[in-house]
>>> print(open('model-v9.txt').read())   # compact mmCIF, C-alpha atoms
# COMPACT_ATOMS: atom_id res chain seq x y z
CA MET A 1 111.35 69.98 60.96
CA ALA A 2 108.92 67.37 62.27
CA PRO A 3 106.86 65.58 59.61
CA LEU A 4 103.25 66.61 59.27
CA PRO A 5 100.82 64.35 61.17
CA ILE A 6 98.46 61.96 59.41
CA LEU A 7 94.91 63.23 59.93
CA PRO A 8 91.45 61.92 59.09
CA PHE A 9 90.60 62.78 55.48
CA ASP A 10 88.22 65.69 56.18
CA GLU A 11 90.61 67.25 58.71
CA ALA A 12 93.59 66.88 56.39
CA LEU A 13 91.76 68.48 53.47
CA LEU A 14 90.56 71.36 55.65
CA SER A 15 94.08 71.92 57.00
CA ALA A 16 95.62 72.03 53.51
CA ALA A 17 92.82 74.24 52.19
CA ASN A 18 93.00 76.75 55.06
CA ASN A 19 96.75 77.07 54.60
CA LEU A 20 96.31 77.53 50.87
CA LEU A 21 93.42 79.99 50.88
CA GLY A 22 94.07 81.84 54.13
CA LYS A 23 97.71 82.66 53.41
CA ALA A 24 97.26 83.82 49.83
CA PRO A 25 97.70 87.56 49.13
CA ALA A 26 94.48 89.53 49.62
CA PRO A 27 92.95 91.22 46.56
CA ALA A 28 93.58 94.94 46.21
CA GLY A 29 90.96 97.59 46.92
CA GLY A 30 88.31 95.26 48.30
CA SER A 31 87.93 93.40 45.01
CA ARG A 32 87.70 89.61 44.66
CA HIS A 33 90.08 87.12 43.07
CA ALA A 34 88.51 85.24 40.17
CA LEU A 35 89.22 81.59 40.99
CA LEU A 36 88.86 78.44 38.86
CA VAL A 37 89.44 74.85 39.99
CA ASP A 38 91.21 72.54 37.54
CA PRO A 39 89.96 69.07 38.64
CA LEU A 40 92.29 67.43 41.13
CA ILE A 41 94.20 64.29 40.12
CA ASP A 42 96.22 61.39 41.47
CA GLY A 43 99.82 62.52 41.78
CA VAL A 44 101.27 59.37 40.18
CA THR A 45 98.79 58.27 37.51
CA GLY A 46 97.07 61.57 36.70
CA MET A 47 93.69 59.90 37.11
CA GLN A 48 90.60 61.40 38.69
CA SER A 49 88.81 59.27 41.28
CA GLN A 50 85.87 59.40 43.62
CA ALA A 51 88.31 60.74 46.23
CA THR A 52 89.59 63.60 44.05
CA GLN A 53 86.03 64.49 43.02
CA THR A 54 85.01 64.61 46.68
CA MET A 55 87.95 66.90 47.37
CA GLY A 56 86.88 69.25 44.59
CA THR A 57 83.32 69.40 45.91
CA LYS A 58 84.41 70.07 49.48
CA LEU A 59 86.87 72.76 48.37
CA ALA A 60 84.15 74.54 46.40
CA GLU A 61 81.81 74.44 49.41
CA LEU A 62 84.54 75.81 51.68
CA ILE A 63 85.42 78.65 49.29
CA ARG A 64 81.81 79.74 48.89
CA SER A 65 81.04 79.62 52.61
CA ARG A 66 84.22 80.93 54.22
CA TYR A 67 86.51 82.59 51.70
CA THR A 68 84.40 85.31 50.12
CA GLN A 69 87.45 87.12 48.75
CA TYR A 70 87.37 84.53 45.97
CA ASP A 71 84.90 84.58 43.10
CA LEU A 72 84.62 80.88 42.24
CA GLN A 73 83.93 80.40 38.53
CA ALA A 74 83.56 77.48 36.12
CA PHE A 75 86.74 75.98 34.70
CA ASN A 76 86.23 76.82 31.03
CA SER A 77 87.97 78.61 28.17
CA PRO A 78 86.16 81.99 28.42
CA ASN A 79 86.99 82.29 32.13
CA LEU A 80 90.59 81.18 31.58
CA ALA A 81 91.01 83.90 28.96
CA ARG A 82 90.69 86.49 31.75
CA SER A 83 93.91 85.18 33.42
CA PRO A 84 92.39 84.27 36.80
CA TRP A 85 93.84 82.31 39.67
CA VAL A 86 93.60 78.54 39.26
CA LEU A 87 93.49 76.02 42.09
CA ILE A 88 95.13 72.67 41.34
CA GLY A 89 95.80 69.71 43.57
CA THR A 90 97.18 66.19 43.76
CA PHE A 91 96.17 63.29 45.97
CA THR A 92 99.02 60.80 46.21
CA GLY A 93 99.33 57.48 48.01
CA VAL A 94 102.53 57.15 50.08
CA ASN A 95 104.07 54.36 52.14
CA ALA A 96 105.21 54.52 55.77
CA GLU A 97 108.30 56.48 54.64
CA ARG A 98 106.03 58.81 52.63
CA LYS A 99 107.37 57.59 49.31
CA THR A 100 105.22 56.68 46.31
CA GLU A 101 106.10 53.00 46.27
CA GLY A 102 105.12 49.75 47.97
CA GLN A 103 102.04 49.45 50.14
CA ARG A 104 100.43 52.87 50.58
CA GLU A 105 99.72 53.80 54.19
CA ALA A 106 98.47 57.38 53.82
CA TYR A 107 97.68 60.03 51.20
CA ARG A 108 99.49 63.30 50.57
CA ILE A 109 97.24 66.24 49.77
CA CYS A 110 99.05 68.97 47.83
CA LEU A 111 97.17 72.14 46.83
CA ALA A 112 98.44 75.15 44.90
CA LEU A 113 97.09 78.49 43.70
CA ALA A 114 98.47 79.62 40.34
CA ASP A 115 98.14 83.20 39.06
CA LEU A 116 97.83 83.00 35.29
CA LYS A 117 98.47 86.73 34.94
CA THR A 118 101.93 86.60 36.55
CA GLY A 119 102.67 82.97 35.68
CA LYS A 120 103.61 82.23 39.29
CA LEU A 121 102.32 80.33 42.31
CA VAL A 122 100.83 82.51 45.02
CA SER A 123 100.09 79.95 47.75
CA LYS A 124 100.53 76.29 48.74
CA GLY A 125 98.79 73.88 51.09
CA LEU A 126 99.99 70.45 52.26
CA ALA A 127 98.59 67.76 54.56
CA PHE A 128 98.52 63.98 54.99
CA ALA A 129 95.32 61.97 55.22
CA SER A 130 94.79 58.49 56.63
CA LYS A 131 93.69 55.79 54.21
CA ASP A 132 90.50 55.01 56.12
CA GLY A 133 87.40 55.49 54.01
CA ILE A 134 89.28 56.59 50.89
CA ASP A 135 87.53 55.61 47.65
CA LEU A 136 90.04 55.48 44.80
CA THR A 137 87.57 54.12 42.26
CA PRO A 138 88.36 55.96 39.01
CA THR A 139 85.73 58.19 37.46
CA PRO A 140 84.16 56.72 34.27
CA PHE A 141 86.63 58.13 31.74
CA PHE A 142 89.68 56.99 33.69
CA ARG A 143 88.04 53.68 34.57
CA ASP A 144 87.56 52.91 30.87
CA ALA A 145 90.82 54.40 29.54
CA PRO A 146 92.76 51.49 28.00
CA ALA A 147 96.31 52.48 28.84
CA TRP A 148 98.65 54.61 30.89
CA ALA A 149 101.80 56.36 29.71
CA GLU A 150 103.96 59.23 30.83
CA ASP A 151 102.48 62.44 29.50
CA SER A 152 103.94 65.96 29.55
CA ALA A 153 100.54 67.59 30.18
CA THR A 154 99.99 65.56 33.35
CA THR A 155 103.62 65.98 34.38
CA GLY A 156 103.26 69.76 34.08
CA TYR A 157 100.19 69.75 36.34
CA VAL A 158 101.86 67.54 38.96
CA ARG A 159 105.14 69.46 38.99
CA THR A 160 103.33 72.77 39.32
CA CYS A 161 101.79 71.45 42.53
CA GLN A 162 104.48 69.21 43.99
CA GLY A 163 107.96 70.30 45.04
CA THR A 164 107.24 74.01 44.58
CA ARG A 165 106.89 77.11 46.76
CA PRO A 166 104.90 80.34 46.51
CA GLY A 167 106.66 82.59 44.00
CA ASP A 168 107.85 79.71 41.83
CA PRO A 169 106.86 79.77 38.15
CA ILE A 170 104.02 77.64 36.87
CA HIS A 171 105.44 74.66 34.97
CA PRO A 172 105.52 75.65 31.28
CA ALA A 173 103.94 72.37 30.12
CA TYR A 174 100.92 73.10 32.29
CA LEU A 175 100.68 76.75 31.28
CA GLU A 176 100.91 75.93 27.58
CA ARG A 177 98.09 73.38 27.73
CA ILE A 178 95.65 74.90 30.18
CA GLN A 179 93.20 76.12 27.52
CA GLY A 180 93.06 72.61 26.12
CA ALA A 181 92.65 71.25 29.66
CA ALA A 182 89.38 73.14 30.02
CA THR A 183 87.93 71.52 26.89
CA ILE A 184 89.22 68.11 27.97
CA SER A 185 87.52 68.59 31.35
CA GLU A 186 84.23 69.28 29.59
CA ALA A 187 84.72 66.16 27.45
CA ILE A 188 85.46 64.00 30.49
CA ASP A 189 82.24 65.22 32.12
CA ALA A 190 80.26 64.55 28.92
CA TYR A 191 81.66 61.02 28.75
CA ALA A 192 80.72 60.38 32.38
CA ALA A 193 77.16 61.51 31.61
CA GLY A 194 76.95 59.09 28.68
CA HIS A 195 76.92 61.89 26.09
CA TYR A 196 79.43 60.18 23.84
CA ALA A 197 78.76 62.15 20.65
CA GLU A 198 79.18 65.43 22.54
CA ALA A 199 82.37 64.15 24.16
CA LEU A 200 83.76 63.05 20.79
CA LYS A 201 83.08 66.50 19.35
CA LEU A 202 85.01 68.11 22.23
CA TYR A 203 87.94 65.68 22.01
CA SER A 204 88.10 66.16 18.23
CA ALA A 205 88.16 69.94 18.66
CA VAL A 206 91.05 69.92 21.11
CA ALA A 207 92.89 67.33 19.00
CA GLU A 208 93.22 69.97 16.28
CA THR A 209 95.14 72.30 18.60
CA PRO A 210 98.73 72.12 19.91
CA SER A 211 97.28 71.16 23.32
CA GLY A 212 95.70 68.08 21.80
CA GLN A 213 98.82 65.96 21.49
CA GLN A 214 98.38 64.19 24.81
CA LEU A 215 97.23 60.92 26.30
CA ARG A 216 93.83 62.10 27.60
CA VAL A 217 92.83 63.25 24.11
CA TYR A 218 93.90 60.03 22.39
CA SER A 219 92.13 58.01 25.10
CA GLY A 220 89.01 60.15 24.70
CA LEU A 221 88.98 59.69 20.94
CA TYR A 222 89.40 55.95 21.40
CA LEU A 223 86.66 55.58 24.03
CA THR A 224 84.04 57.75 22.36
CA ASN A 225 84.57 56.29 18.90
CA TRP A 226 84.36 52.77 20.32
CA ARG A 227 81.19 53.59 22.24
CA LEU A 228 79.66 55.02 19.06
CA GLY A 229 80.55 51.94 17.01
CA LYS A 230 83.24 53.68 14.96
CA ARG A 231 85.76 50.84 15.12
CA GLU A 232 88.32 52.09 12.57
CA ALA A 233 88.53 55.53 14.19
CA ALA A 234 88.85 53.90 17.61
CA ALA A 235 91.68 51.66 16.38
CA LYS A 236 93.49 54.69 14.95
CA ALA A 237 93.21 56.50 18.27
CA PHE A 238 94.50 53.48 20.16
CA GLY A 239 97.42 53.45 17.74
CA GLN A 240 98.18 57.04 18.77
CA ILE A 241 98.21 55.90 22.41
CA VAL A 242 100.68 53.16 21.47
CA ASP A 243 102.88 55.59 19.55
CA GLN A 244 103.05 57.97 22.51
CA GLY A 245 103.90 55.16 24.92
CA LEU A 246 106.62 53.73 22.70
CA GLN A 247 108.07 57.21 22.16
CA THR A 248 108.38 57.67 25.92
CA LYS A 249 109.62 54.04 26.10
CA ARG A 250 106.96 52.93 28.59
CA LEU A 251 103.35 51.98 27.94
CA GLY A 252 101.08 50.27 30.46
CA VAL A 253 98.07 48.59 28.88
CA LYS A 254 95.08 47.45 30.91
CA PHE A 255 94.89 43.86 29.80
CA LEU A 256 92.91 43.27 32.93
CA PHE A 257 93.15 39.87 34.55
CA ARG A 258 90.99 38.18 37.10
CA PRO A 259 92.63 38.28 40.56
CA GLY A 260 95.12 35.43 40.87
CA SER A 261 94.64 34.34 37.25
CA THR A 262 95.92 34.78 33.68
CA ALA A 263 92.31 34.87 32.43
CA PHE A 264 91.18 38.24 31.14
CA TRP A 265 88.59 40.18 33.14
CA SER A 266 86.07 42.66 31.73
CA ASP A 267 84.21 45.36 33.62
CA PRO A 268 80.48 44.69 33.24
CA LYS A 269 79.86 48.44 33.57
CA GLY A 270 82.38 49.40 30.89
CA PRO A 271 82.66 48.76 27.17
CA ALA A 272 83.66 45.31 25.91
CA GLN A 273 87.42 45.01 26.02
CA PRO A 274 88.60 44.81 22.39
CA TYR A 275 91.87 43.03 23.10
CA ALA A 276 92.23 41.87 19.48
CA VAL A 277 92.21 45.50 18.27
CA TRP A 278 94.70 46.52 20.93
CA MET A 279 97.03 43.64 20.10
CA ARG A 280 96.91 44.39 16.37
CA GLU A 281 97.87 48.03 16.92
CA LEU A 282 100.58 47.10 19.43
CA SER A 283 102.17 44.50 17.19
CA THR A 284 101.96 46.60 14.02
CA ARG A 285 103.45 49.71 15.56
CA ALA A 286 106.08 47.86 17.60
CA ALA A 287 107.21 46.03 14.46
CA ALA A 288 107.40 49.30 12.54
CA LEU A 289 109.56 50.79 15.30
CA GLN A 290 112.20 48.10 14.61
CA THR A 291 113.44 48.01 18.17
CA CYS A 292 113.21 45.58 21.06
CA LEU A 293 110.57 45.33 23.75
CA GLU A 294 110.29 43.96 27.24
CA VAL A 295 106.77 42.85 28.10
CA VAL A 296 106.44 43.26 31.86
CA GLY A 297 103.59 41.74 33.84
CA HIS A 298 102.42 43.32 37.08
CA ALA A 299 100.32 42.19 40.03
CA SER A 300 98.49 44.13 42.70
CA ALA A 301 99.88 44.21 46.23
CA SER A 302 97.92 41.33 47.71
CA GLY A 303 99.07 37.82 48.45
CA PRO A 304 102.66 36.59 48.95
CA GLU A 305 105.22 38.23 46.70
CA PRO A 306 106.68 34.98 45.27
CA LEU A 307 103.18 34.16 44.01
CA ASN A 308 102.79 37.69 42.60
CA GLU A 309 106.07 37.35 40.73
CA ARG A 310 105.11 34.03 39.15
CA LEU A 311 101.65 35.31 38.28
CA SER A 312 102.94 38.52 36.71
CA LEU A 313 105.45 36.55 34.60
CA ARG A 314 102.73 34.19 33.35
CA ARG A 315 100.60 37.19 32.36
CA ALA A 316 103.51 38.75 30.49
CA GLU A 317 104.24 35.50 28.68
CA GLN A 318 100.61 35.19 27.61
CA VAL A 319 100.60 38.71 26.16
CA ARG A 320 103.96 38.12 24.46
CA THR A 321 102.53 35.00 22.80
CA GLU A 322 99.58 37.01 21.49
CA LEU A 323 101.89 39.77 20.29
CA LEU A 324 104.05 37.36 18.32
CA ARG A 325 100.99 35.69 16.83
CA ASN A 326 100.21 39.05 15.23
CA ALA A 327 103.78 39.96 14.24
CA LYS A 328 106.26 37.15 13.58
CA PRO A 329 109.15 39.59 12.90
CA LEU A 330 109.09 40.46 16.60
CA THR A 331 110.01 36.90 17.62
CA ASN A 332 113.62 37.62 18.51
CA ARG A 333 112.98 41.15 19.71
CA VAL A 334 110.50 40.65 22.54
CA VAL A 335 111.17 39.24 26.01
CA ALA A 336 108.80 38.70 28.92
CA SER A 337 109.38 39.36 32.62
CA GLY A 338 107.37 39.65 35.81
CA ALA A 339 107.66 42.55 38.27
CA GLY A 340 105.26 41.14 40.85
CA SER A 341 103.93 43.99 42.95
CA ARG A 342 107.22 45.87 43.17
CA GLU A 343 106.12 48.65 40.80
CA THR A 344 102.57 49.42 41.85
CA LEU A 345 101.10 52.74 40.75
CA ILE A 346 98.17 52.61 43.20
CA GLY A 347 99.39 50.22 45.89
CA ASN A 348 96.24 49.80 47.97
CA GLY A 349 96.01 46.03 47.45
CA GLN A 350 92.26 46.07 46.82
CA ASP A 351 92.22 43.89 43.68
CA ASP A 352 89.31 45.86 42.25
CA LEU A 353 88.70 48.77 39.87
CA SER A 354 90.62 51.16 42.11
CA ASP A 355 93.96 49.42 41.53
CA ALA A 356 93.40 48.01 38.03
CA LEU A 357 96.58 49.72 36.85
CA ASP A 358 98.57 47.60 39.29
CA ARG A 359 97.59 44.55 37.18
CA ARG A 360 98.68 46.16 33.91
CA VAL A 361 101.05 44.78 31.31
CA GLU A 362 103.80 47.20 30.32
CA PHE A 363 105.67 47.46 27.05
CA LYS A 364 109.14 48.91 27.59
CA VAL A 365 111.46 49.86 24.76
CA ILE A 366 114.88 48.33 25.47
CA GLY A 367 118.20 47.95 23.70
CA CYS A 368 118.46 44.94 21.40
>>> encode(input="model-v9.txt", output="structure tokens")
Amino acid sequence: MAPLPILPFDEALLSAANNLLGKAPAPAGGSRHALLVDPLIDGVTGMQSQATQTMGTKLAELIRSRYTQYDLQAFNSPNLARSPWVLIGTFTGVNAERKTEGQREAYRICLALADLKTGKLVSKGLAFASKDGIDLTPTPFFRDAPAWAEDSATTGYVRTCQGTRPGDPIHPAYLERIQGAATISEAIDAYAAGHYAEALKLYSAVAETPSGQQLRVYSGLYLTNWRLGKREAAAKAFGQIVDQGLQTKRLGVKFLFRPGSTAFWSDPKGPAQPYAVWMRELSTRAAALQTCLEVVGHASASGPEPLNERLSLRRAEQVRTELLRNAKPLTNRVVASGAGSRETLIGNGQDDLSDALDRRVEFKVIGC
């Protein structure tokens, strides 16, 4: 089967959406399918960006204007309780071989319709978009989030969309957490609007449920508490982020550096970067784990790779020095290495907010 062509963004989204919505089973007896949209995400990082937000807006406009068999409703807990259909989607950078590594040359759009009543997928849509005009700038919550780690809630969303067919079951990790996802979505919107107290209330509410044990909740508790001046609560939440990352044996922290430098960089639009708090929690919890760590520096995909490798190693060594300053017992249990740009998560080579995660420092649990 010939690979799908790479289309301009609007054409690719329309193609995927028409396949998804047009081929889904029609509602019985002239009724309408209740349909909710769970905000679309990056298929590697789980982040929302300007691009994924644009996709959500365009999909809503298309549904309302052309697909009247769907009753588009707000993504919230009361509507989810009625077991509607839910539209999910991923937007994933791929290289020339359409793999999620190296320099990204195009973007894979994957859409899926999930029937919460049957627990199965009812339709899929797939297309590839060119990289021209794509804005991967993270939305405010994901821009400010201090770290990235593998998370079962995000994995469940991605795996429900990717590598599946109509009739396949919804991934259980997604199904189990979807009620919490609605509250988290409200909290993310409140944070973006600058309503930090409201966002904290929402994150705190979902944290008390089984759905709350996930990275987005810990990050939300950290960000909102920090914004509200509640430093001890913010430090505790960052510690929960560290614990999750060390449990999954991989934690990427956004010790952001200036392009081509080992000097730290701070976003003038975001909160002050409290690196001392981060380092204290990292060192304390890593020491308590009594295992060994590899501190891995990363660089974005710009400039010659030998330079990227040296730069990423210098960044890792700087962070290792700070880590040991806080926890001497780690001296013989922490090594530093540089990955250059071989393990980019974004891979667009922009050296800006859009690929900040490509300049992360990772903490990997290794054998001693």
>>> closest_residue(input="model-v9.txt", among="A:Leu323, A:Val206, A:Leu311, A:Leu136", to="Met47 (chain A)", atoms="only C-alpha atoms")
A:Leu136
>>> atom_distance(input="model-v9.txt", atom1="CA of Leu21 (chain A)", atom2="CA of Ser83 (chain A)")
18.2 Å
>>> residues_near_point(input="model-v9.txt", point="(85.6, 67.7, 52.0)", cutoff="10 Å", atoms="all atoms listed in the file", output="list in words")
Phe9, Asp10, Glu11, Ala12, Leu13, Leu14, Ala17, Ala51, Thr52, Gln53, Thr54, Met55, Gly56, Thr57, Lys58, Leu59, Ala60, Glu61 and Leu62 of chain A
>>> residues_around(input="model-v9.txt", residues="Gly367 (chain A)", least_positions_apart="2", cutoff="9 Å", atoms="only C-alpha atoms", output="ChimeraX atom specification")
/A:291-293,365
>>> atom_distance(input="model-v9.txt", atom1="CA of Ile134 (chain A)", atom2="CA of Val217 (chain A)")
27.8 Å
>>> build_atoms(input="model-v9.txt", residues="region 47-65 of chain A", atoms="N, CA and C atoms", output="PDB file, keeping the file's coordinate frame")
ATOM      1  N   MET A  47      95.105  60.235  37.203  1.00  0.00           N
ATOM      2  CA  MET A  47      93.690  59.900  37.110  1.00  0.00           C
ATOM      3  C   MET A  47      92.854  60.725  38.095  1.00  0.00           C
ATOM      4  N   GLN A  48      91.584  60.863  37.759  1.00  0.00           N
ATOM      5  CA  GLN A  48      90.600  61.400  38.690  1.00  0.00           C
ATOM      6  C   GLN A  48      89.825  60.229  39.288  1.00  0.00           C
ATOM      7  N   SER A  49      89.489  60.353  40.565  1.00  0.00           N
ATOM      8  CA  SER A  49      88.810  59.270  41.280  1.00  0.00           C
ATOM      9  C   SER A  49      87.663  59.839  42.089  1.00  0.00           C
ATOM     10  N   GLN A  50      86.926  58.941  42.731  1.00  0.00           N
ATOM     11  CA  GLN A  50      85.870  59.400  43.620  1.00  0.00           C
ATOM     12  C   GLN A  50      86.460  60.284  44.720  1.00  0.00           C
ATOM     13  N   ALA A  51      87.656  59.946  45.180  1.00  0.00           N
ATOM     14  CA  ALA A  51      88.310  60.740  46.230  1.00  0.00           C
ATOM     15  C   ALA A  51      88.637  62.145  45.740  1.00  0.00           C
ATOM     16  N   THR A  52      89.225  62.265  44.542  1.00  0.00           N
ATOM     17  CA  THR A  52      89.590  63.600  44.050  1.00  0.00           C
ATOM     18  C   THR A  52      88.339  64.422  43.726  1.00  0.00           C
ATOM     19  N   GLN A  53      87.281  63.763  43.258  1.00  0.00           N
ATOM     20  CA  GLN A  53      86.030  64.490  43.020  1.00  0.00           C
ATOM     21  C   GLN A  53      85.449  65.009  44.328  1.00  0.00           C
ATOM     22  N   THR A  54      85.494  64.179  45.366  1.00  0.00           N
ATOM     23  CA  THR A  54      85.010  64.610  46.680  1.00  0.00           C
ATOM     24  C   THR A  54      85.807  65.807  47.177  1.00  0.00           C
ATOM     25  N   MET A  55      87.102  65.780  46.979  1.00  0.00           N
ATOM     26  CA  MET A  55      87.950  66.900  47.370  1.00  0.00           C
ATOM     27  C   MET A  55      87.530  68.175  46.658  1.00  0.00           C
ATOM     28  N   GLY A  56      87.291  68.073  45.352  1.00  0.00           N
ATOM     29  CA  GLY A  56      86.880  69.250  44.590  1.00  0.00           C
ATOM     30  C   GLY A  56      85.573  69.823  45.089  1.00  0.00           C
ATOM     31  N   THR A  57      84.619  68.953  45.396  1.00  0.00           N
ATOM     32  CA  THR A  57      83.320  69.400  45.910  1.00  0.00           C
ATOM     33  C   THR A  57      83.461  70.093  47.250  1.00  0.00           C
ATOM     34  N   LYS A  58      84.230  69.501  48.143  1.00  0.00           N
ATOM     35  CA  LYS A  58      84.410  70.070  49.480  1.00  0.00           C
ATOM     36  C   LYS A  58      85.164  71.402  49.422  1.00  0.00           C
ATOM     37  N   LEU A  59      86.137  71.502  48.520  1.00  0.00           N
ATOM     38  CA  LEU A  59      86.870  72.760  48.370  1.00  0.00           C
ATOM     39  C   LEU A  59      85.943  73.869  47.880  1.00  0.00           C
ATOM     40  N   ALA A  60      85.084  73.538  46.918  1.00  0.00           N
ATOM     41  CA  ALA A  60      84.150  74.540  46.400  1.00  0.00           C
ATOM     42  C   ALA A  60      83.195  75.010  47.495  1.00  0.00           C
ATOM     43  N   GLU A  61      82.707  74.075  48.308  1.00  0.00           N
ATOM     44  CA  GLU A  61      81.810  74.440  49.410  1.00  0.00           C
ATOM     45  C   GLU A  61      82.519  75.331  50.416  1.00  0.00           C
ATOM     46  N   LEU A  62      83.779  75.012  50.715  1.00  0.00           N
ATOM     47  CA  LEU A  62      84.540  75.810  51.680  1.00  0.00           C
ATOM     48  C   LEU A  62      84.784  77.222  51.153  1.00  0.00           C
ATOM     49  N   ILE A  63      85.149  77.329  49.888  1.00  0.00           N
ATOM     50  CA  ILE A  63      85.420  78.650  49.290  1.00  0.00           C
ATOM     51  C   ILE A  63      84.175  79.517  49.326  1.00  0.00           C
ATOM     52  N   ARG A  64      83.050  78.948  48.945  1.00  0.00           N
ATOM     53  CA  ARG A  64      81.810  79.740  48.890  1.00  0.00           C
ATOM     54  C   ARG A  64      81.341  80.155  50.279  1.00  0.00           C
ATOM     55  N   SER A  65      81.575  79.324  51.288  1.00  0.00           N
ATOM     56  CA  SER A  65      81.040  79.620  52.610  1.00  0.00           C
ATOM     57  C   SER A  65      81.973  80.453  53.477  1.00  0.00           C
TER      58      SER A  65
END
